[in-house]
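Inspection log for the structure reproduced underneath, given as structure tokens.
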Amino acid sequence: MRLEMRLAGLRSLQTATAVLRNRKVQDLPGHICQLRAPSPSFAKQSEHISDIHFCLQKFGVLKINLGFEDDNCDYLQQIIRNLHQQHGHGLPIDHSASRGWFWDIRPTQKSVEGSYKARSETANSFPWHTDCSYEAAPPRYFALQVLQPDRCNGGTLSILKMDRLVDLLSEQTRSILCRPEFRIDVPPEFMKRDREQHIVGSLLSRSSSREESFVNFEGRFREDIILPLTRDAKCAFEELKSVILGPEAAKHILDLAPDKLPRGSIILLDNRRWLHARNQVKDPKRHLRRVRWDACSFGPVGAFDDF
């Protein structure tokens, strides 16, 4: 019986997780579901693809443990193709002609003169953010496959559910954050000639999930590139930042240290329902590979085009 049918009508996260466990799905602390892929053939099994889709829809986070070597990320590429074919996920957009869908996340020693490094290409910490928050149509999902974990216990991935933050905000602030009153600048390392240098939009939006979901809001955030355009927006932005860094939100942070994401792990996240951050990378050989997919528009478009 298909997983969605077996879980029809369930509204308890604990109950849903218990049923998933009967399907050989484990969970990490904080109800992060885990699936095993013992062989590459699992990427072509419709039941396996349905389980992945279900976990992303209901929980927005999933860890897959590979039982085989796959430095080319063939399994990950295949499941994304099948999520597209079987569940309507949008395909990734190529990063470049040479890199295709995938982006290598590892510290690089040098950058080309006159160019900027993406933060993912440095060993520096990366505060709370969502990926591609400067795009009008940011990707809904991204995945990271661990090729070489940080052997010096650095580079910990931390995640924080957007719903937890929204619950801590005042009703007025929620409403203001849903308005298109924020300028979001394109970072220098992603700026392209003849392309817009910023967008104007909201930081929160009502969920636009293609299926019924437990989530009510989705968000985008990267503090260093956001400029509030009104007094109300500035106050709301300050409250949001205060909540993100506050003690109540800290209770809900899930830290995925290298021992929880060893080589052969894949972590998949809903980019709109979870913030993520990374502390300093200590191992120069740390190597992850990232792919983003299912890009779609976020919230209302602003009317502050002159800013």
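Naming scheme: A, B, ... for chains in displayed order of the structure tokens; residues 1 onward per chain; ligands 1 onward as shown.
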
Excluding same-chain residues fewer than 4 positions from segment 172-181 of chain A, what lies within 12 Å of it counting only C-alpha atoms, as a PyMOL selection string?
chain A and resi 136+162-163+165-168+199-207+216-221+226-241+243+298-305+307

Kindly save the residues from that selection, with N, CA and C atoms included, as a short mmCIF file (atom, residue, chain, number, x, y, z; two decimals), in the first residue's frame.
data_model
loop_
_atom_site.label_atom_id
_atom_site.label_comp_id
_atom_site.auth_asym_id
_atom_site.auth_seq_id
_atom_site.Cartn_x
_atom_site.Cartn_y
_atom_site.Cartn_z
N ALA A 136 13.63 35.76 -7.48
CA ALA A 136 12.17 35.84 -7.46
C ALA A 136 11.55 34.45 -7.38
N MET A 162 11.09 26.97 10.07
CA MET A 162 10.47 28.28 9.92
C MET A 162 9.23 28.43 10.79
N ASP A 163 8.43 27.36 10.89
CA ASP A 163 7.22 27.42 11.71
C ASP A 163 7.53 27.79 13.15
N LEU A 165 9.87 29.73 14.22
CA LEU A 165 10.13 31.16 14.28
C LEU A 165 8.84 31.96 14.18
N VAL A 166 7.98 31.56 13.24
CA VAL A 166 6.73 32.28 13.03
C VAL A 166 5.88 32.27 14.30
N ASP A 167 5.89 31.16 15.01
CA ASP A 167 5.12 31.06 16.26
C ASP A 167 5.61 32.06 17.30
N LEU A 168 6.87 32.47 17.21
CA LEU A 168 7.45 33.39 18.20
C LEU A 168 7.28 34.85 17.81
N ILE A 199 15.92 42.31 -6.01
CA ILE A 199 14.48 42.13 -6.16
C ILE A 199 13.80 42.81 -4.98
N VAL A 200 12.51 43.02 -5.08
CA VAL A 200 11.71 43.53 -3.97
C VAL A 200 10.60 42.54 -3.71
N GLY A 201 10.48 42.12 -2.47
CA GLY A 201 9.45 41.13 -2.16
C GLY A 201 9.25 40.99 -0.67
N SER A 202 8.55 39.94 -0.29
CA SER A 202 8.26 39.66 1.12
C SER A 202 9.26 38.64 1.65
N LEU A 203 9.31 38.53 2.98
CA LEU A 203 10.17 37.53 3.62
C LEU A 203 9.38 36.32 4.10
N LEU A 204 8.07 36.48 4.23
CA LEU A 204 7.19 35.37 4.58
C LEU A 204 6.10 35.27 3.53
N SER A 205 5.57 34.07 3.37
CA SER A 205 4.46 33.85 2.45
C SER A 205 3.64 32.68 2.96
N ARG A 206 2.33 32.74 2.71
CA ARG A 206 1.49 31.59 3.01
C ARG A 206 1.96 30.41 2.17
N SER A 207 1.90 29.24 2.73
CA SER A 207 2.38 28.06 2.02
C SER A 207 1.63 27.87 0.72
N ASN A 216 2.10 26.31 7.47
CA ASN A 216 1.25 27.44 7.11
C ASN A 216 2.04 28.56 6.45
N PHE A 217 3.32 28.68 6.79
CA PHE A 217 4.15 29.75 6.26
C PHE A 217 5.42 29.17 5.64
N GLU A 218 5.95 29.91 4.69
CA GLU A 218 7.29 29.63 4.18
C GLU A 218 8.05 30.94 4.18
N GLY A 219 9.37 30.88 4.20
CA GLY A 219 10.12 32.12 4.33
C GLY A 219 11.42 32.11 3.54
N ARG A 220 12.05 33.28 3.51
CA ARG A 220 13.39 33.42 2.94
C ARG A 220 14.13 34.44 3.80
N PHE A 221 15.44 34.26 3.90
CA PHE A 221 16.20 35.10 4.82
C PHE A 221 17.69 34.99 4.54
N ILE A 226 19.44 42.00 2.90
CA ILE A 226 18.05 42.46 3.00
C ILE A 226 18.01 43.89 3.52
N LEU A 227 17.25 44.74 2.82
CA LEU A 227 17.05 46.13 3.23
C LEU A 227 15.56 46.41 3.34
N PRO A 228 15.04 46.66 4.55
CA PRO A 228 13.62 47.04 4.69
C PRO A 228 13.38 48.39 4.04
N LEU A 229 12.23 48.54 3.37
CA LEU A 229 11.95 49.75 2.60
C LEU A 229 10.95 50.68 3.28
N THR A 230 10.37 50.26 4.38
CA THR A 230 9.43 51.10 5.12
C THR A 230 9.76 51.02 6.61
N ARG A 231 9.19 51.95 7.37
CA ARG A 231 9.42 51.94 8.81
C ARG A 231 8.87 50.66 9.44
N ASP A 232 7.66 50.28 9.02
CA ASP A 232 7.07 49.04 9.54
C ASP A 232 7.94 47.83 9.20
N ALA A 233 8.45 47.81 7.97
CA ALA A 233 9.28 46.68 7.55
C ALA A 233 10.56 46.62 8.38
N LYS A 234 11.13 47.78 8.69
CA LYS A 234 12.35 47.81 9.50
C LYS A 234 12.11 47.25 10.89
N CYS A 235 11.00 47.64 11.50
CA CYS A 235 10.67 47.14 12.84
C CYS A 235 10.43 45.63 12.82
N ALA A 236 9.71 45.17 11.78
CA ALA A 236 9.42 43.74 11.67
C ALA A 236 10.71 42.95 11.44
N PHE A 237 11.61 43.49 10.64
CA PHE A 237 12.88 42.82 10.36
C PHE A 237 13.72 42.71 11.62
N GLU A 238 13.73 43.76 12.43
CA GLU A 238 14.48 43.73 13.68
C GLU A 238 13.91 42.67 14.62
N GLU A 239 12.59 42.57 14.68
CA GLU A 239 11.98 41.54 15.54
C GLU A 239 12.33 40.14 15.03
N LEU A 240 12.29 39.96 13.72
CA LEU A 240 12.63 38.66 13.14
C LEU A 240 14.06 38.27 13.50
N LYS A 241 15.01 39.19 13.34
CA LYS A 241 16.40 38.89 13.66
C LYS A 241 16.57 38.57 15.15
N VAL A 243 14.33 37.30 17.15
CA VAL A 243 13.75 35.98 17.43
C VAL A 243 14.70 34.87 16.96
N PHE A 298 7.99 33.18 -5.25
CA PHE A 298 7.81 33.31 -3.80
C PHE A 298 7.03 34.58 -3.51
N GLY A 299 5.84 34.44 -2.95
CA GLY A 299 5.08 35.58 -2.45
C GLY A 299 4.77 36.63 -3.50
N PRO A 300 4.23 37.78 -3.04
CA PRO A 300 3.89 38.87 -3.96
C PRO A 300 5.12 39.64 -4.40
N VAL A 301 5.05 40.22 -5.58
CA VAL A 301 6.13 41.05 -6.12
C VAL A 301 5.92 42.48 -5.66
N GLY A 302 7.00 43.18 -5.33
CA GLY A 302 6.89 44.51 -4.76
C GLY A 302 6.63 45.61 -5.77
N ALA A 303 6.38 46.81 -5.22
CA ALA A 303 6.12 47.98 -6.05
C ALA A 303 7.14 49.07 -5.76
N PHE A 304 8.33 48.69 -5.29
CA PHE A 304 9.36 49.65 -4.93
C PHE A 304 10.53 49.55 -5.91
N ASP A 305 10.23 49.48 -7.18
CA ASP A 305 11.25 49.19 -8.18
C ASP A 305 12.31 50.28 -8.31
N PHE A 307 13.95 51.60 -5.84
CA PHE A 307 14.95 51.53 -4.78
C PHE A 307 16.18 50.78 -5.24
#

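Take atom CA of Ile32 of chain A and atom CA of Ala250 of chain A: the distance between them is 17.2 Å.
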
Restricting the calculation to only C-alpha atoms, which member of A:Asn72, A:Phe42, A:Leu160, A:Ala295 is positioned closest to His129 of chain A?
A:Leu160

Which parts of segment 31-260 of chain A does DSSP call helix (DSSP H, G or I) when run on the backbone here, written out as a ChimeraX atom specification?
/A:40-44,46-58,74-87,119-121,162-168,171-177,188-190,223-225,231-244,247-250

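Within 9 Å of segment 81-96 of chain A, once only C-alpha atoms are used and residues closer than 4 positions along the same chain are dropped, the contacting residues are Ala43, Lys44, Ser46, Ile49, Ser50, Ile52, His53, Leu76, Gln77, Gly100, Trp101, Phe102, Trp103, Pro139, Val291, Arg292, Trp293, Asp294, Ala295 and Cys296 of chain A.
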
Got time to write the residues from that selection, C-alpha atoms, as a PDB file, in the first residue's frame?
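Printed below is part_34.pdb as written:
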ATOM      1  CA  ALA A  43      16.711   5.319  -7.167  1.00  0.00           C
ATOM      2  CA  LYS A  44      14.434   3.669  -9.745  1.00  0.00           C
ATOM      3  CA  SER A  46       8.670   4.071  -7.319  1.00  0.00           C
ATOM      4  CA  ILE A  49      10.693   7.793  -4.599  1.00  0.00           C
ATOM      5  CA  SER A  50       7.217   8.117  -3.055  1.00  0.00           C
ATOM      6  CA  ILE A  52      11.188  10.581  -0.332  1.00  0.00           C
ATOM      7  CA  HIS A  53       8.439  12.805  -1.710  1.00  0.00           C
ATOM      8  CA  LEU A  76      20.911  11.666  -6.254  1.00  0.00           C
ATOM      9  CA  GLN A  77      20.595  12.724  -9.871  1.00  0.00           C
ATOM     10  CA  GLY A 100      25.736  20.819 -14.634  1.00  0.00           C
ATOM     11  CA  TRP A 101      23.257  20.421 -11.783  1.00  0.00           C
ATOM     12  CA  PHE A 102      25.811  20.007  -9.017  1.00  0.00           C
ATOM     13  CA  TRP A 103      27.948  22.445  -7.065  1.00  0.00           C
ATOM     14  CA  PRO A 139      14.389  26.609  -5.323  1.00  0.00           C
ATOM     15  CA  VAL A 291      21.922  20.356  -5.925  1.00  0.00           C
ATOM     16  CA  ARG A 292      18.855  22.619  -5.859  1.00  0.00           C
ATOM     17  CA  TRP A 293      15.564  21.984  -7.620  1.00  0.00           C
ATOM     18  CA  ASP A 294      11.850  22.815  -7.936  1.00  0.00           C
ATOM     19  CA  ALA A 295      12.210  26.596  -8.324  1.00  0.00           C
ATOM     20  CA  CYS A 296       8.942  28.563  -8.175  1.00  0.00           C
TER      21      CYS A 296
END

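Taking atom CA of Glu223 of chain A and atom CA of Val61 of chain A as the two end points, the separation is 22.9 Å.
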
I'd like to know which residues of segment 46-244 of chain A are strand (DSSP E) (by DSSP, run on the backbone); could you write them as an mmCIF file with C-alpha atoms, in the first residue's frame?
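Writing done, so here's part.cif:
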data_model
loop_
_atom_site.group_PDB
_atom_site.id
_atom_site.type_symbol
_atom_site.label_atom_id
_atom_site.label_comp_id
_atom_site.auth_asym_id
_atom_site.auth_seq_id
_atom_site.Cartn_x
_atom_site.Cartn_y
_atom_site.Cartn_z
ATOM 1 C CA VAL A 61 13.713 17.334 5.893
ATOM 2 C CA LEU A 62 15.079 13.865 5.185
ATOM 3 C CA LYS A 63 18.382 12.030 5.543
ATOM 4 C CA ILE A 64 19.253 9.198 3.153
ATOM 5 C CA ASN A 65 22.015 6.737 4.015
ATOM 6 C CA LEU A 66 23.688 5.167 0.988
ATOM 7 C CA TRP A 103 27.948 22.445 -7.065
ATOM 8 C CA ASP A 104 30.996 21.359 -5.065
ATOM 9 C CA ILE A 105 31.009 22.690 -1.504
ATOM 10 C CA PHE A 126 27.670 31.015 7.298
ATOM 11 C CA PRO A 127 24.896 32.471 9.520
ATOM 12 C CA TRP A 128 21.206 31.585 9.246
ATOM 13 C CA HIS A 129 19.829 31.834 5.720
ATOM 14 C CA PRO A 139 14.389 26.609 -5.323
ATOM 15 C CA ARG A 140 12.039 24.815 -2.981
ATOM 16 C CA TYR A 141 14.446 21.973 -2.244
ATOM 17 C CA PHE A 142 18.153 21.364 -1.988
ATOM 18 C CA ALA A 143 20.260 18.335 -1.126
ATOM 19 C CA LEU A 144 23.800 17.925 0.165
ATOM 20 C CA GLN A 145 25.693 14.678 -0.386
ATOM 21 C CA VAL A 146 28.667 14.136 1.916
ATOM 22 C CA LEU A 147 31.746 13.014 -0.011
ATOM 23 C CA GLN A 148 34.210 13.870 2.770
ATOM 24 C CA LEU A 157 25.131 21.998 9.556
ATOM 25 C CA SER A 158 22.446 23.524 11.796
ATOM 26 C CA ILE A 159 18.781 23.739 10.818
ATOM 27 C CA LEU A 160 15.819 25.621 12.286
ATOM 28 C CA LYS A 161 12.210 25.164 11.243
ATOM 29 C CA PHE A 182 11.986 44.399 1.428
ATOM 30 C CA ARG A 183 14.797 44.890 -1.050
ATOM 31 C CA ILE A 184 16.925 41.786 -1.416
ATOM 32 C CA ASP A 185 20.269 42.389 -3.119
ATOM 33 C CA HIS A 198 18.078 43.183 -6.561
ATOM 34 C CA ILE A 199 14.476 42.130 -6.157
ATOM 35 C CA VAL A 200 11.713 43.533 -3.969
ATOM 36 C CA GLY A 201 9.451 41.129 -2.161
ATOM 37 C CA LEU A 204 7.187 35.370 4.576
ATOM 38 C CA SER A 205 4.457 33.850 2.454
ATOM 39 C CA ARG A 206 1.494 31.585 3.011
ATOM 40 C CA PHE A 217 4.148 29.753 6.256
ATOM 41 C CA GLU A 218 7.290 29.625 4.182
ATOM 42 C CA GLY A 219 10.121 32.117 4.326
ATOM 43 C CA ILE A 226 18.051 42.456 3.005
ATOM 44 C CA LEU A 227 17.051 46.133 3.229
ATOM 45 C CA PRO A 228 13.623 47.040 4.689
#

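Each of A:His48, A:Arg195, A:Arg263, A:Arg272 was checked against Cys132 of chain A using only C-alpha atoms; the smallest atom-to-atom distance is that of A:Arg272.
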